[in-house]
file my_file.tsv (TSV, C-alpha atoms)
chain	number	residue	atom	x	y	z
A	1	MET	CA	154.81	156.07	97.14
A	2	LYS	CA	151.48	154.64	98.09
A	3	SER	CA	151.43	152.25	101.00
A	4	SER	CA	150.32	148.75	100.23
A	5	GLU	CA	147.01	147.65	101.67
A	6	ILE	CA	145.91	144.19	102.73
A	7	ILE	CA	142.34	143.57	101.77
A	8	GLU	CA	140.67	141.10	104.12
A	9	PRO	CA	138.02	138.83	102.59
A	10	THR	CA	134.56	139.36	103.99
A	11	PHE	CA	132.31	136.50	105.05
A	12	GLU	CA	128.64	136.78	105.82
A	13	THR	CA	126.83	134.52	108.23
A	14	LEU	CA	123.53	133.31	106.79
A	15	LEU	CA	121.12	132.05	109.41
A	16	LEU	CA	117.81	130.20	109.10
A	17	VAL	CA	115.60	129.87	112.19
A	18	ASN	CA	112.02	129.11	113.22
A	19	GLY	CA	111.27	126.74	110.35
A	20	THR	CA	107.79	125.21	110.16
A	21	VAL	CA	106.00	122.66	108.00
A	22	SER	CA	102.24	122.23	107.64
A	23	PRO	CA	100.68	119.76	107.86
A	24	ALA	CA	103.22	118.14	110.19
A	25	ILE	CA	101.11	114.98	110.61
A	26	VAL	CA	99.38	113.18	107.72
A	27	ASN	CA	97.03	110.21	108.19
A	28	THR	CA	96.94	108.63	104.73
A	29	ASP	CA	93.97	106.43	105.64
A	30	THR	CA	91.78	109.55	105.56
A	31	ILE	CA	92.63	110.09	101.87
A	32	PHE	CA	90.66	108.42	99.07
A	33	ILE	CA	92.01	107.94	95.54
A	34	ASN	CA	89.20	107.61	92.97
A	35	GLY	CA	86.83	106.86	95.83
A	36	LYS	CA	88.94	103.97	97.14
A	37	LYS	CA	91.77	103.27	99.57
A	38	LEU	CA	94.21	100.74	98.11
A	39	SER	CA	97.62	99.78	99.52
A	40	THR	CA	99.11	100.41	96.06
A	41	ASP	CA	97.84	104.01	95.92
A	42	ASP	CA	100.47	106.63	95.17
A	43	ILE	CA	99.12	109.53	97.22
A	44	PRO	CA	99.89	113.09	96.07
A	45	LEU	CA	100.54	115.47	98.98
A	46	SER	CA	101.80	118.97	99.59
A	47	ALA	CA	103.40	120.77	102.52
A	48	THR	CA	103.76	124.48	103.21
A	49	VAL	CA	107.24	125.28	104.49
A	50	THR	CA	108.28	128.57	106.09
A	51	VAL	CA	111.55	129.79	107.63
A	52	LYS	CA	113.00	133.03	108.97
A	53	GLY	CA	116.26	134.25	107.43
A	54	ASN	CA	118.66	137.04	108.38
A	55	ARG	CA	119.05	138.33	104.82
A	56	SER	CA	116.62	139.86	102.36
A	57	ARG	CA	115.36	138.05	99.27
A	58	SER	CA	117.66	140.10	97.05
A	59	THR	CA	120.79	138.56	98.59
A	60	MET	CA	119.64	135.10	99.70
A	61	SER	CA	118.11	132.06	97.96
A	62	VAL	CA	116.26	129.55	100.16
A	63	SER	CA	114.96	126.07	99.30
A	64	ALA	CA	113.34	123.08	101.03
A	65	HIS	CA	114.01	119.40	100.35
A	66	LEU	CA	111.93	116.39	101.42
A	67	MET	CA	113.33	112.89	101.90
A	68	LYS	CA	111.78	109.67	103.22
A	69	GLN	CA	113.11	108.15	106.40
A	70	GLY	CA	115.87	105.67	105.52
A	71	SER	CA	116.34	107.02	101.99
A	72	GLN	CA	118.93	109.29	100.39
A	73	ASN	CA	116.68	110.42	97.52
A	74	PHE	CA	114.62	113.60	97.47
A	75	ILE	CA	110.88	113.09	96.98
A	76	GLY	CA	110.16	116.81	96.79
A	77	GLU	CA	112.01	120.12	96.55
A	78	GLU	CA	110.98	123.73	96.06
A	79	LEU	CA	112.36	127.27	96.26
A	80	LEU	CA	110.94	129.37	99.07
A	81	HIS	CA	110.08	133.00	98.38
A	82	ASP	CA	109.75	136.27	100.27
A	83	ASP	CA	107.67	138.07	97.66
A	84	GLY	CA	104.26	138.36	99.34
A	85	ILE	CA	102.73	135.86	96.92
A	86	SER	CA	100.89	132.98	98.65
A	87	PRO	CA	101.88	131.06	100.66
A	88	ASP	CA	104.25	133.92	101.58
A	89	ILE	CA	102.36	136.70	103.38
A	90	VAL	CA	104.53	139.82	103.52
A	91	ALA	CA	107.15	140.70	100.92
A	92	GLY	CA	110.58	141.65	102.18
A	93	ASP	CA	110.16	140.57	105.82
A	94	SER	CA	112.85	137.85	105.48
A	95	ILE	CA	110.27	135.12	106.11
A	96	TYR	CA	110.47	132.68	103.22
A	97	ALA	CA	107.60	130.37	102.28
A	98	GLY	CA	106.72	127.81	99.62
A	99	LYS	CA	104.55	124.80	98.89
A	100	VAL	CA	106.41	121.52	98.28
A	101	GLU	CA	104.64	118.81	96.27
A	102	TYR	CA	105.48	115.15	96.99
A	103	SER	CA	103.89	111.70	96.87
A	104	ILE	CA	104.13	108.48	98.89
A	105	LEU	CA	102.67	104.99	98.76
A	106	ARG	CA	99.80	104.42	101.17
A	107	SER	CA	101.76	101.55	102.73
A	108	PHE	CA	104.51	103.95	103.90
A	109	VAL	CA	104.54	104.79	107.61
A	110	GLY	CA	107.27	106.91	109.16
A	111	ASN	CA	108.87	110.33	108.96
A	112	ILE	CA	109.57	112.60	106.03
A	113	SER	CA	112.69	114.68	106.73
A	114	VAL	CA	112.41	118.36	105.73
A	115	SER	CA	115.71	120.23	105.32
A	116	ILE	CA	115.68	123.99	104.65
A	117	SER	CA	118.86	125.64	103.38
A	118	GLY	CA	119.93	128.92	101.83
A	119	SER	CA	122.82	130.53	100.05
A	120	SER	CA	124.15	133.80	98.69
A	121	GLU	CA	126.79	134.45	96.05
A	122	THR	CA	129.50	133.97	98.66
A	123	SER	CA	128.15	131.81	101.48
A	124	ALA	CA	125.94	128.89	102.40
A	125	SER	CA	123.49	129.21	105.26
A	126	THR	CA	122.86	127.10	108.29
A	127	ILE	CA	120.40	124.24	107.67
A	128	PHE	CA	117.11	124.00	109.54
A	129	PHE	CA	115.60	120.52	109.95
A	130	THR	CA	112.04	119.53	110.72
A	131	SER	CA	109.83	116.58	109.72
A	132	ILE	CA	106.43	115.33	108.61
A	133	SER	CA	104.95	112.28	110.38
A	134	ILE	CA	103.07	109.88	108.08
A	135	THR	CA	100.61	107.66	109.96
A	136	ARG	CA	97.83	105.18	109.24
A	137	LYS	CA	94.98	104.98	111.72
A	138	GLU	CA	93.01	102.26	109.93
A	139	ASN	CA	95.88	99.85	109.42
A	140	ASN	CA	95.24	96.12	108.92
A	141	ALA	CA	97.49	93.69	110.78
A	142	PRO	CA	99.30	91.02	108.73
A	143	VAL	CA	98.15	87.38	108.76
A	144	ILE	CA	100.33	84.26	108.69
A	145	ASP	CA	99.25	80.73	107.73
A	146	GLN	CA	100.20	77.65	105.67
A	147	LEU	CA	103.22	76.71	107.79
A	148	ASN	CA	105.33	73.91	106.36
A	149	ALA	CA	107.76	72.42	108.92
A	150	PRO	CA	108.48	68.88	110.19
A	151	ASP	CA	106.97	67.58	113.42
A	152	THR	CA	109.84	65.21	114.26
A	153	LEU	CA	113.54	64.90	113.57
A	154	ILE	CA	115.78	61.87	114.16
A	155	SER	CA	119.17	62.78	115.66
A	156	SER	CA	122.05	61.90	113.34
A	157	SER	CA	125.84	61.76	113.39
A	158	SER	CA	125.76	64.47	110.74
A	159	ALA	CA	124.29	67.97	110.88
A	160	GLN	CA	120.81	68.21	109.35
A	161	THR	CA	119.17	71.07	107.54
A	162	ILE	CA	115.44	71.68	107.32
A	163	GLN	CA	113.62	74.26	105.24
A	164	ILE	CA	110.67	76.05	106.81
A	165	THR	CA	108.13	77.97	104.74
A	166	MET	CA	105.09	80.00	105.68
A	167	ARG	CA	102.69	82.36	103.95
A	168	ALA	CA	102.29	85.94	105.14
A	169	HIS	CA	99.80	88.38	103.66
A	170	ASP	CA	98.35	91.79	104.49
A	171	ALA	CA	95.14	93.47	103.36
A	172	ASP	CA	97.17	96.67	102.98
A	173	GLY	CA	99.46	94.99	100.46
A	174	ALA	CA	102.62	92.90	100.50
A	175	SER	CA	104.78	96.04	100.74
A	176	ASP	CA	103.21	96.75	104.15
A	177	ILE	CA	104.83	93.64	105.68
A	178	ASN	CA	107.97	94.73	107.49
A	179	SER	CA	109.30	91.39	108.79
A	180	VAL	CA	108.41	87.72	109.24
A	181	PHE	CA	110.29	85.74	111.86
A	182	PHE	CA	110.16	83.14	114.62
A	183	ASN	CA	111.45	82.68	118.14
A	184	SER	CA	112.61	79.23	119.24
A	185	TYR	CA	112.46	77.75	122.75
A	186	LEU	CA	113.93	74.62	124.30
A	187	MET	CA	110.99	73.16	126.17
A	188	PRO	CA	109.83	73.04	128.89
A	189	ASP	CA	111.30	76.56	129.14
A	190	SER	CA	108.83	78.65	127.15
A	191	LEU	CA	110.19	81.99	128.38
A	192	THR	CA	113.84	81.99	127.34
A	193	SER	CA	114.18	82.54	123.60
A	194	LYS	CA	117.03	80.85	121.78
A	195	GLY	CA	117.03	83.74	119.30
A	196	ILE	CA	114.95	85.38	116.61
A	197	VAL	CA	115.29	83.96	113.09
A	198	THR	CA	114.23	86.05	110.08
A	199	MET	CA	112.35	84.52	107.16
A	200	PHE	CA	112.66	85.80	103.57
A	201	ASP	CA	110.57	86.44	100.47
A	202	ASP	CA	113.16	87.99	98.16
A	203	GLY	CA	114.10	85.04	95.98
A	204	GLY	CA	117.37	84.63	97.85
A	205	ALA	CA	118.63	88.11	96.96
A	206	SER	CA	119.82	88.84	100.52
A	207	ASN	CA	121.46	85.43	101.00
A	208	ASN	CA	124.82	86.12	102.65
A	209	GLY	CA	125.79	82.49	103.07
A	210	SER	CA	124.91	82.33	106.73
A	211	ASN	CA	121.42	83.78	107.18
A	212	GLY	CA	119.61	80.68	105.90
A	213	ASN	CA	117.90	82.51	103.05
A	214	THR	CA	116.83	79.80	100.59
A	215	ASP	CA	113.73	81.54	99.30
A	216	ALA	CA	112.94	80.54	95.73
A	217	VAL	CA	110.49	83.15	94.38
A	218	ALA	CA	110.55	86.82	95.31
A	219	GLY	CA	107.29	88.50	96.28
A	220	ASP	CA	105.03	85.42	96.18
A	221	GLY	CA	104.07	85.78	99.86
A	222	ILE	CA	105.87	82.55	100.83
A	223	TYR	CA	108.55	83.29	103.41
A	224	THR	CA	111.38	80.79	103.70
A	225	VAL	CA	114.37	79.99	105.86
A	226	THR	CA	116.65	76.96	106.22
A	227	ILE	CA	117.98	76.12	109.69
A	228	ILE	CA	120.65	73.65	110.80
A	229	PHE	CA	120.41	71.11	113.60
A	230	PRO	CA	123.84	70.02	114.85
A	231	ALA	CA	125.12	66.42	114.71
A	232	ASN	CA	124.27	64.12	117.63
A	233	ILE	CA	121.74	66.57	119.05
A	234	SER	CA	120.14	65.28	122.24
A	235	ALA	CA	116.50	64.21	122.46
A	236	GLN	CA	114.40	67.30	123.11
A	237	LYS	CA	111.38	69.34	122.12
A	238	ARG	CA	111.89	72.64	120.33
A	239	ARG	CA	109.03	75.14	120.16
A	240	PHE	CA	108.86	77.66	117.31
A	241	VAL	CA	106.62	80.73	117.58
A	242	PHE	CA	106.01	82.45	114.23
A	243	GLU	CA	104.93	86.06	113.78
A	244	ALA	CA	104.86	88.96	111.30
A	245	VAL	CA	105.01	92.73	111.85
A	246	ASP	CA	103.92	95.43	109.41
A	247	ALA	CA	105.09	98.96	108.75
A	248	SER	CA	102.76	100.33	111.44
A	249	ASN	CA	104.21	97.85	113.98
A	250	SER	CA	100.93	95.92	114.04
A	251	ARG	CA	101.59	92.27	114.88
A	252	SER	CA	100.05	89.25	113.21
A	253	ASN	CA	98.47	86.18	114.73
A	254	LEU	CA	100.91	83.70	116.26
A	255	ILE	CA	101.56	80.18	114.97
A	256	ILE	CA	103.12	77.79	117.51
A	257	HIS	CA	104.79	74.66	116.19
A	258	ASP	CA	106.79	71.99	118.07
A	259	ILE	CA	109.52	69.79	116.61
A	260	ILE	CA	110.30	66.64	118.57
A	261	ILE	CA	113.93	65.50	118.26
A	262	LYS	CA	114.41	61.79	118.92

call {"tool": "encode", "arguments": {"input": "my_file.tsv", "output": "C-alpha cells"}}
result
Amino acid sequence: MKSSEIIEPTFETLLLVNGTVSPAIVNTDTIFINGKKLSTDDIPLSATVTVKGNRSRSTMSVSAHLMKQGSQNFIGEELLHDDGISPDIVAGDSIYAGKVEYSILRSFVGNISVSISGSSETSASTIFFTSISITRKENNAPVIDQLNAPDTLISSSSAQTIQITMRAHDADGASDINSVFFNSYLMPDSLTSKGIVTMFDDGGASNNGSNGNTDAVAGDGIYTVTIIFPANISAQKRRFVFEAVDASNSRSNLIIHDIIIK
C-alpha cells in the first residue's frame, strides 16, 4: 500500500523595489497649449515609470496607476515591460519600465500618487508608491472686491441674521480659488480672532443647516454666507477681515470691514 502524502501549497513572494518616476516635478506654467496658457487648459503629460522586481517577465505582470491627490479615480494606467523596448533598456533583467499618459487642468496644484503593483498566476506583489509634484511658478493670486455687508446693527430682543456677499476672482480661473473666508474680531482687540467663517459659491449645495451657506447661484464668483447675531447683544464694534486663497496657497488682498452694534 502506498503511503499517503500531504502536498503543501506553495506561495511565492513577489517584491517590487527601487521604483522611480520621471519627471517627478512638473511646472505646468512652462507648458503652452496652442501658444497660450489658459487656466482652463487640459494639459497632456506623460511619465516614465520604472521598478525592480524579483521575478522575470515570463512569470510576473507589473503595472503603474496614477491618481490625483484627494481623488479615488485613476487618471492614468499602463503595463510596465521588461522586453528591452524603450523605455525599457535591457530585456530580462527584471527591471520593468513604461510610459504612462495622463492629463490635468492647469489650475491643479498638488501631488499625483503613483502606485506600482505586480502579480503572477498565484500571488500579488508588494506595492511601491512614489509621486509626481505638480507646481505653478507663475501663479496669479486671487482678488476680492464688491463686499456687501451692513455698517451698523441695532441690538434687538430677537436674534438677527445678516447676509454677507463678496466677489472673488482669479486670473487663473475660478477653479483656482481654493477658499474664501473671513476672520472676525471684537474691537479693540485686533489680534484675537473669534473664528474663521467660510463663504460659499456653490448655490447652496453644501448647506448643512448650520454653516450659513445661503449662496444663490453656483459659480458666479459671488461668495455668500449668512451669520447670526444673538438677541440683546451688547454695544460693540466687530471687525471682519476678508481674504481668499488659491490652489497654490497664494493669498488675495485683504478687505477690512467694521460693523458697529448699537

call {"tool": "closest_residue", "arguments": {"input": "my_file.tsv", "among": "A:Asn34, A:Ser157, A:Thr226, A:Ser115", "to": "Ser63 (chain A)", "atoms": "only C-alpha atoms"}}
result
A:Ser115

call {"tool": "atom_distance", "arguments": {"input": "my_file.tsv", "atom1": "CA of Ile154 (chain A)", "atom2": "CA of Pro188 (chain A)"}}
result
19.4 Å

call {"tool": "closest_residue", "arguments": {"input": "my_file.tsv", "among": "A:Gly70, A:Gly84, A:Pro44, A:Gly98", "to": "Ser22 (chain A)", "atoms": "all atoms listed in the file"}}
result
A:Gly98

call {"tool": "residues_around", "arguments": {"input": "my_file.tsv", "residues": "Asn139 (chain A)", "least_positions_apart": "5", "cutoff": "9 Å", "atoms": "all atoms listed in the file", "output": "ChimeraX atom specification"}}
result
/A:29,171-172,248,250

call {"tool": "residues_near_point", "arguments": {"input": "my_file.tsv", "point": "(110.3, 138.2, 105.0)", "cutoff": "12 Å", "atoms": "all atoms listed in the file", "output": "MDAnalysis selection string"}}
result
chainID A and resid 16 50:58 60 62 80:85 87:97

call {"tool": "closest_residue", "arguments": {"input": "my_file.tsv", "among": "A:Val109, A:Met187, A:Ala216, A:Val100", "to": "Gln163 (chain A)", "atoms": "all atoms listed in the file"}}
result
A:Ala216

call {"tool": "atom_distance", "arguments": {"input": "my_file.tsv", "atom1": "CA of Leu105 (chain A)", "atom2": "CA of Glu243 (chain A)"}}
result
24.3 Å
